[in-house]
Each structure stands twice: as structure tokens, then as C-alpha cells.
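**Student:** Data file target-v3.cif (mmCIF, C-alpha atoms) is appended below.
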data_work
#
loop_
_atom_site.label_atom_id
_atom_site.label_comp_id
_atom_site.auth_asym_id
_atom_site.auth_seq_id
_atom_site.Cartn_x
_atom_site.Cartn_y
_atom_site.Cartn_z
CA MET A 170 -15.23 6.11 8.11
CA ALA A 171 -11.62 5.04 8.52
CA THR A 172 -9.56 5.97 11.53
CA ARG A 173 -6.95 8.62 10.82
CA MET A 174 -3.49 7.99 12.27
CA THR A 175 -0.20 9.82 12.61
CA PRO A 176 2.86 8.31 10.90
CA SER A 177 4.09 6.81 14.18
CA GLU A 178 0.66 5.26 14.92
CA MET A 179 0.56 3.82 11.41
CA LEU A 180 4.01 2.31 11.78
CA ALA A 181 3.07 0.82 15.16
CA THR A 182 -0.09 -0.67 13.65
CA ALA A 183 1.86 -2.15 10.75
CA ARG A 184 4.53 -3.59 13.04
CA HIS A 185 1.88 -5.51 15.01
CA LEU A 186 0.89 -7.48 11.91
CA LYS A 187 2.50 -10.89 11.31
CA ARG A 188 4.60 -9.86 8.31
CA LEU A 189 6.21 -11.91 5.55
CA PRO A 190 9.18 -10.66 3.49
CA PHE A 191 8.60 -9.48 -0.08
CA THR A 192 10.39 -11.36 -2.86
CA GLU A 193 11.86 -9.69 -5.94
CA ALA A 194 8.98 -11.13 -8.01
CA ASP A 195 6.46 -9.51 -5.63
CA LEU A 196 8.19 -6.15 -5.89
CA ALA A 197 8.43 -6.35 -9.69
CA MET A 198 4.71 -7.08 -10.00
CA ILE A 199 3.76 -4.14 -7.79
CA ARG A 200 6.17 -1.82 -9.64
CA SER A 201 4.80 -2.85 -13.03
CA GLY A 202 1.23 -2.06 -11.99
CA THR A 203 1.05 1.61 -12.81
CA PRO A 204 3.49 4.40 -13.54
CA ALA A 205 1.56 6.73 -11.21
CA VAL A 206 2.95 4.92 -8.16
CA ALA A 207 6.72 4.60 -7.68
CA PRO A 208 8.89 3.08 -4.94
CA LYS A 209 10.31 5.48 -2.39
CA LEU A 210 13.37 4.71 -0.31
CA SER A 211 12.99 4.76 3.45
CA ALA A 212 14.98 2.96 6.13
CA LYS A 213 11.81 2.36 8.19
CA TYR A 214 10.08 0.36 5.46
CA GLU A 215 12.27 -2.49 4.24
CA PRO A 216 10.81 -5.09 1.83
CA SER A 217 12.72 -7.79 3.71
CA GLU A 218 10.63 -6.88 6.80
CA GLY A 219 7.33 -7.06 4.94
CA PHE A 220 6.92 -3.33 4.13
CA TYR A 221 6.99 -1.68 0.70
CA TYR A 222 6.87 2.13 0.63
CA LEU A 223 5.43 3.80 -2.46
CA ALA A 224 4.70 7.39 -3.42
CA ALA A 225 2.27 8.80 -5.98
CA PRO A 226 3.04 12.50 -6.54
CA SER A 227 0.23 12.82 -9.10
CA LEU A 228 -2.28 11.49 -6.53
CA HIS A 229 -0.72 13.48 -3.65
CA MET A 230 -0.58 10.23 -1.67
CA GLU A 231 1.89 7.80 -0.18
CA PHE A 232 1.35 4.09 0.40
CA VAL A 233 2.82 1.33 2.50
CA VAL A 234 2.00 -2.19 1.33
CA VAL A 235 2.33 -4.74 4.13
CA LYS A 236 2.58 -8.43 3.30
CA GLU A 237 1.11 -10.30 6.24
CA VAL A 238 0.22 -13.91 7.06
CA ARG A 239 -3.34 -14.82 6.10
CA LEU A 240 -3.08 -18.59 6.65
CA ARG A 241 -0.13 -20.61 7.86
CA LEU A 242 -0.03 -24.37 7.39
CA PRO A 243 2.92 -26.71 7.99
CA PHE A 244 3.69 -26.84 4.26
CA LEU A 245 2.21 -23.55 2.99
CA THR A 246 1.86 -19.91 4.01
CA LEU A 247 -0.71 -17.75 2.25
CA PRO A 248 -0.22 -13.97 2.31
CA ARG A 249 -2.61 -11.05 2.58
CA TYR A 250 -1.67 -7.55 1.41
CA VAL A 251 -2.73 -4.55 3.48
CA ILE A 252 -2.44 -1.14 1.83
CA LEU A 253 -1.94 1.78 4.20
CA MET A 254 -2.69 5.13 2.56
CA GLY A 255 -0.99 8.39 3.49
CA PHE A 256 -2.56 11.74 2.75
CA GLU A 257 -1.19 15.28 3.00
CA HIS A 258 2.34 14.15 2.06
CA GLY A 259 2.33 11.34 4.64
CA GLU A 260 1.12 13.38 7.61
CA THR A 261 -2.22 11.54 7.95
CA TRP A 262 -2.59 7.79 7.40
CA GLU A 263 -5.51 5.37 7.07
CA ILE A 264 -5.77 1.64 6.69
CA GLY A 265 -6.86 1.08 3.12
CA PRO A 266 -7.97 -2.01 1.25
CA THR A 267 -6.86 -5.52 2.15
CA VAL A 268 -6.49 -8.01 -0.69
CA LYS A 269 -5.60 -11.69 -0.89
CA ARG A 270 -3.89 -11.71 -4.30
CA LEU A 271 -0.71 -9.89 -5.25
CA ARG A 272 -2.07 -8.97 -8.67
CA ALA A 273 -4.86 -7.02 -6.93
CA VAL A 274 -2.35 -4.54 -5.44
CA PRO A 275 -1.32 -2.95 -8.78
CA TYR A 276 -4.96 -3.11 -9.88
CA ILE A 277 -5.97 -0.95 -6.91
CA PHE A 278 -3.31 1.60 -7.84
CA GLN A 279 -4.53 1.60 -11.48
CA ARG A 280 -8.12 2.20 -10.37
CA MET A 281 -7.04 5.00 -8.03
CA ALA A 282 -5.12 6.70 -10.87
CA ALA A 283 -8.13 6.28 -13.21
CA ALA A 284 -10.50 7.72 -10.60
CA ASP A 285 -8.12 10.64 -10.02
CA SER A 286 -7.91 11.43 -13.73
CA TRP A 287 -11.71 11.26 -14.02
CA LEU A 288 -12.10 13.64 -11.07
CA ASP A 289 -9.55 16.00 -12.61
CA SER A 290 -11.40 16.03 -15.93
CA GLU A 291 -14.78 16.47 -14.23
CA TYR A 292 -13.90 19.05 -11.57
CA GLY A 293 -10.57 20.52 -12.67
CA ARG A 294 -6.96 19.85 -11.76
CA LYS A 295 -6.01 19.97 -8.08
CA LYS A 296 -3.16 22.20 -6.99
#
I need this file expressed as C-alpha cells, please.
**Tutor:**
Amino acid sequence: MATRMTPSEMLATARHLKRLPFTEADLAMIRSGTPAVAPKLSAKYEPSEGFYYLAAPSLHMEFVVVKEVRLRLPFLTLPRYVILMGFEHGETWEIGPTVKRLRAVPYIFQRMAAADSWLDSEYGRKK
């Protein structure tokens, strides 16, 4: 089971990672992934600092995608993307999946939206 964190603990955990800045192409790919997840403005989470803050009102969740260093060579730096998931309108946070490819980030959001719609159809709409 994942460790639950407060927003300040989550931010401290994310700040300890070796972050890389997001490019406009990175942000566009994440945004195009699914309409269920949309960017949310916050001064604490700047894409230039390696954070991307997203909200999914239909899922009742918030996300912070952190682009961190996976492998650094003299001529190449490979990123890893860590998805931090916020529940209860961002009051409780957990470290979610970690992926190596940028195209996997929108895929995760698509699968979460599909799982949520299946649960809604199976067990009824949440309030």
C-alpha cells in the first residue's frame, strides 16, 4: 500500500528529486492525452522547474507530474516521469506510477478515465 502524504510532504518529496524542465512539446503531449485531465495553474508547480500540475474534476483527483533525471551521460540526459496523485481535492497525496516514456503519461490518464467510467457504469455515479 502506498504511503499517504500531506500536500507539504508531497511537495518536499518532489523537490528532492533531480528535476528536468518540461518543454512545450512535453506539455502539449500531456495535454493532448485525455480531456478528463486539464492543467491547473499554481505558483508552486512551474513546468520550468520540472513540475506539471493537473486536475481531473471528473475523477475527483489532482496530479503532479515530475520530470526527473533517469540517466545522465555527458551527451544525453534521459528523463523519468513520476506521477503524484492527490485525492480528496488535494488533501491526501500518494506517489503514483513512474514511467520512462512521455507518451505513457497521457496513456495512464486515459486508462484512469476508462476505469472510472467503467466503475461508474458498474456501481453507479459517485457524488
**Student:** CA of His185 (chain A) to CA of Thr172 (chain A): how many Å, to one decimal?
**Tutor:**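 It comes out at 16.6 Å.
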**Student:** Considering only C-alpha atoms, state which residue in the set A:Val233, A:Val206, A:Val268, A:Leu247 is at the smallest distance from Thr182 (chain A).
**Tutor:**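 Among the listed residues, the smallest separation from Thr182 (chain A) belongs to A:Val233.
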**Student:** Rank A:Ile277, A:Leu223, A:Ile264, A:Leu189 by their smallest atom-to-atom distance to Arg249 (chain A), using only C-alpha atoms, and report the top residue only.
**Tutor:**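 The closest residue to Arg249 (chain A) is A:Leu189.
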**Student:** For the structure shown, which residues end up in the PyMOL selection byres ((chain A and resi 190-193) around 7)? Put them as a VMD selection string, please?
**Tutor:** chain A and resid 188 to 189 194 to 197 216 to 219 236
**Student:** Output C-alpha atoms for every residue in that selection, as a PDB file, in the frame of the given file.
**Tutor:**
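Saved to out-v8.pdb:
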ATOM      1  CA  ARG A 188       4.600  -9.860   8.310  1.00  0.00           C
ATOM      2  CA  LEU A 189       6.210 -11.910   5.550  1.00  0.00           C
ATOM      3  CA  ALA A 194       8.980 -11.130  -8.010  1.00  0.00           C
ATOM      4  CA  ASP A 195       6.460  -9.510  -5.630  1.00  0.00           C
ATOM      5  CA  LEU A 196       8.190  -6.150  -5.890  1.00  0.00           C
ATOM      6  CA  ALA A 197       8.430  -6.350  -9.690  1.00  0.00           C
ATOM      7  CA  PRO A 216      10.810  -5.090   1.830  1.00  0.00           C
ATOM      8  CA  SER A 217      12.720  -7.790   3.710  1.00  0.00           C
ATOM      9  CA  GLU A 218      10.630  -6.880   6.800  1.00  0.00           C
ATOM     10  CA  GLY A 219       7.330  -7.060   4.940  1.00  0.00           C
ATOM     11  CA  LYS A 236       2.580  -8.430   3.300  1.00  0.00           C
TER      12      LYS A 236
END
**Student:** Quick one: residues within 12 Å of (-6.2, 4.3, -10.6) (file frame), counting all atoms listed in the file, please, as JSON, numbers by chain.
**Tutor:** {"A": [202, 203, 204, 205, 206, 225, 227, 228, 273, 274, 275, 276, 277, 278, 279, 280, 281, 282, 283, 284, 285, 286, 287, 288]}
**Student:** Need to verify the contact set: region 250-262 of chain A, 8 Å, all atoms listed in the file, exclusion of same-chain residues closer than 6 positions in sequence. Can you return it as an MDAnalysis selection string?
**Tutor:** chainID A and resid 173:176 179 229:237 268:271 274
**Student:** Rounded to one decimal, what separation in Å do you get between CA of Lys213 (chain A) and CA of Glu263 (chain A)?
**Tutor:**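 It comes out at 17.6 Å.
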**Student:** What is the CA of Tyr221 (chain A)-CA of Arg184 (chain A) distance in Å, reported with one decimal?
**Tutor:**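 So the two atoms, CA of Tyr221 (chain A) and CA of Arg184 (chain A), lie 12.7 Å apart.
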**Student:** Box along x, y and z, 6 Å on every side, all listed atoms of region 272-288 of chain A inside: centre and edge lengths in Å to one decimal, as lines of an AutoDock Vina configuration file.
**Tutor:**
center_x = -6.7
center_y = 2.3
center_z = -9.7
size_x = 22.8
size_y = 34.6
size_z = 20.6
**Student:** For Ser211 (chain A), find every residue with an atom within 8 Å (counting all atoms listed in the file), except residues of its own chain fewer than 3 positions away, and show them as a VMD selection string.
**Tutor:** chain A and resid 214 to 215 222
**Student:** For Met198 (chain A), which residue among A:Arg272, A:Pro248, A:Val238, A:Thr267 is the nearest when counting all atoms listed in the file?
**Tutor:**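 Smallest distance to Met198 (chain A) is found for A:Arg272.
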**Student:** Find the residue from A:Tyr292, A:Lys187, A:Ala212, A:Pro226 that sits nearest to Arg239 (chain A); use only C-alpha atoms when measuring.
**Tutor:**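 Closest candidate: A:Lys187.
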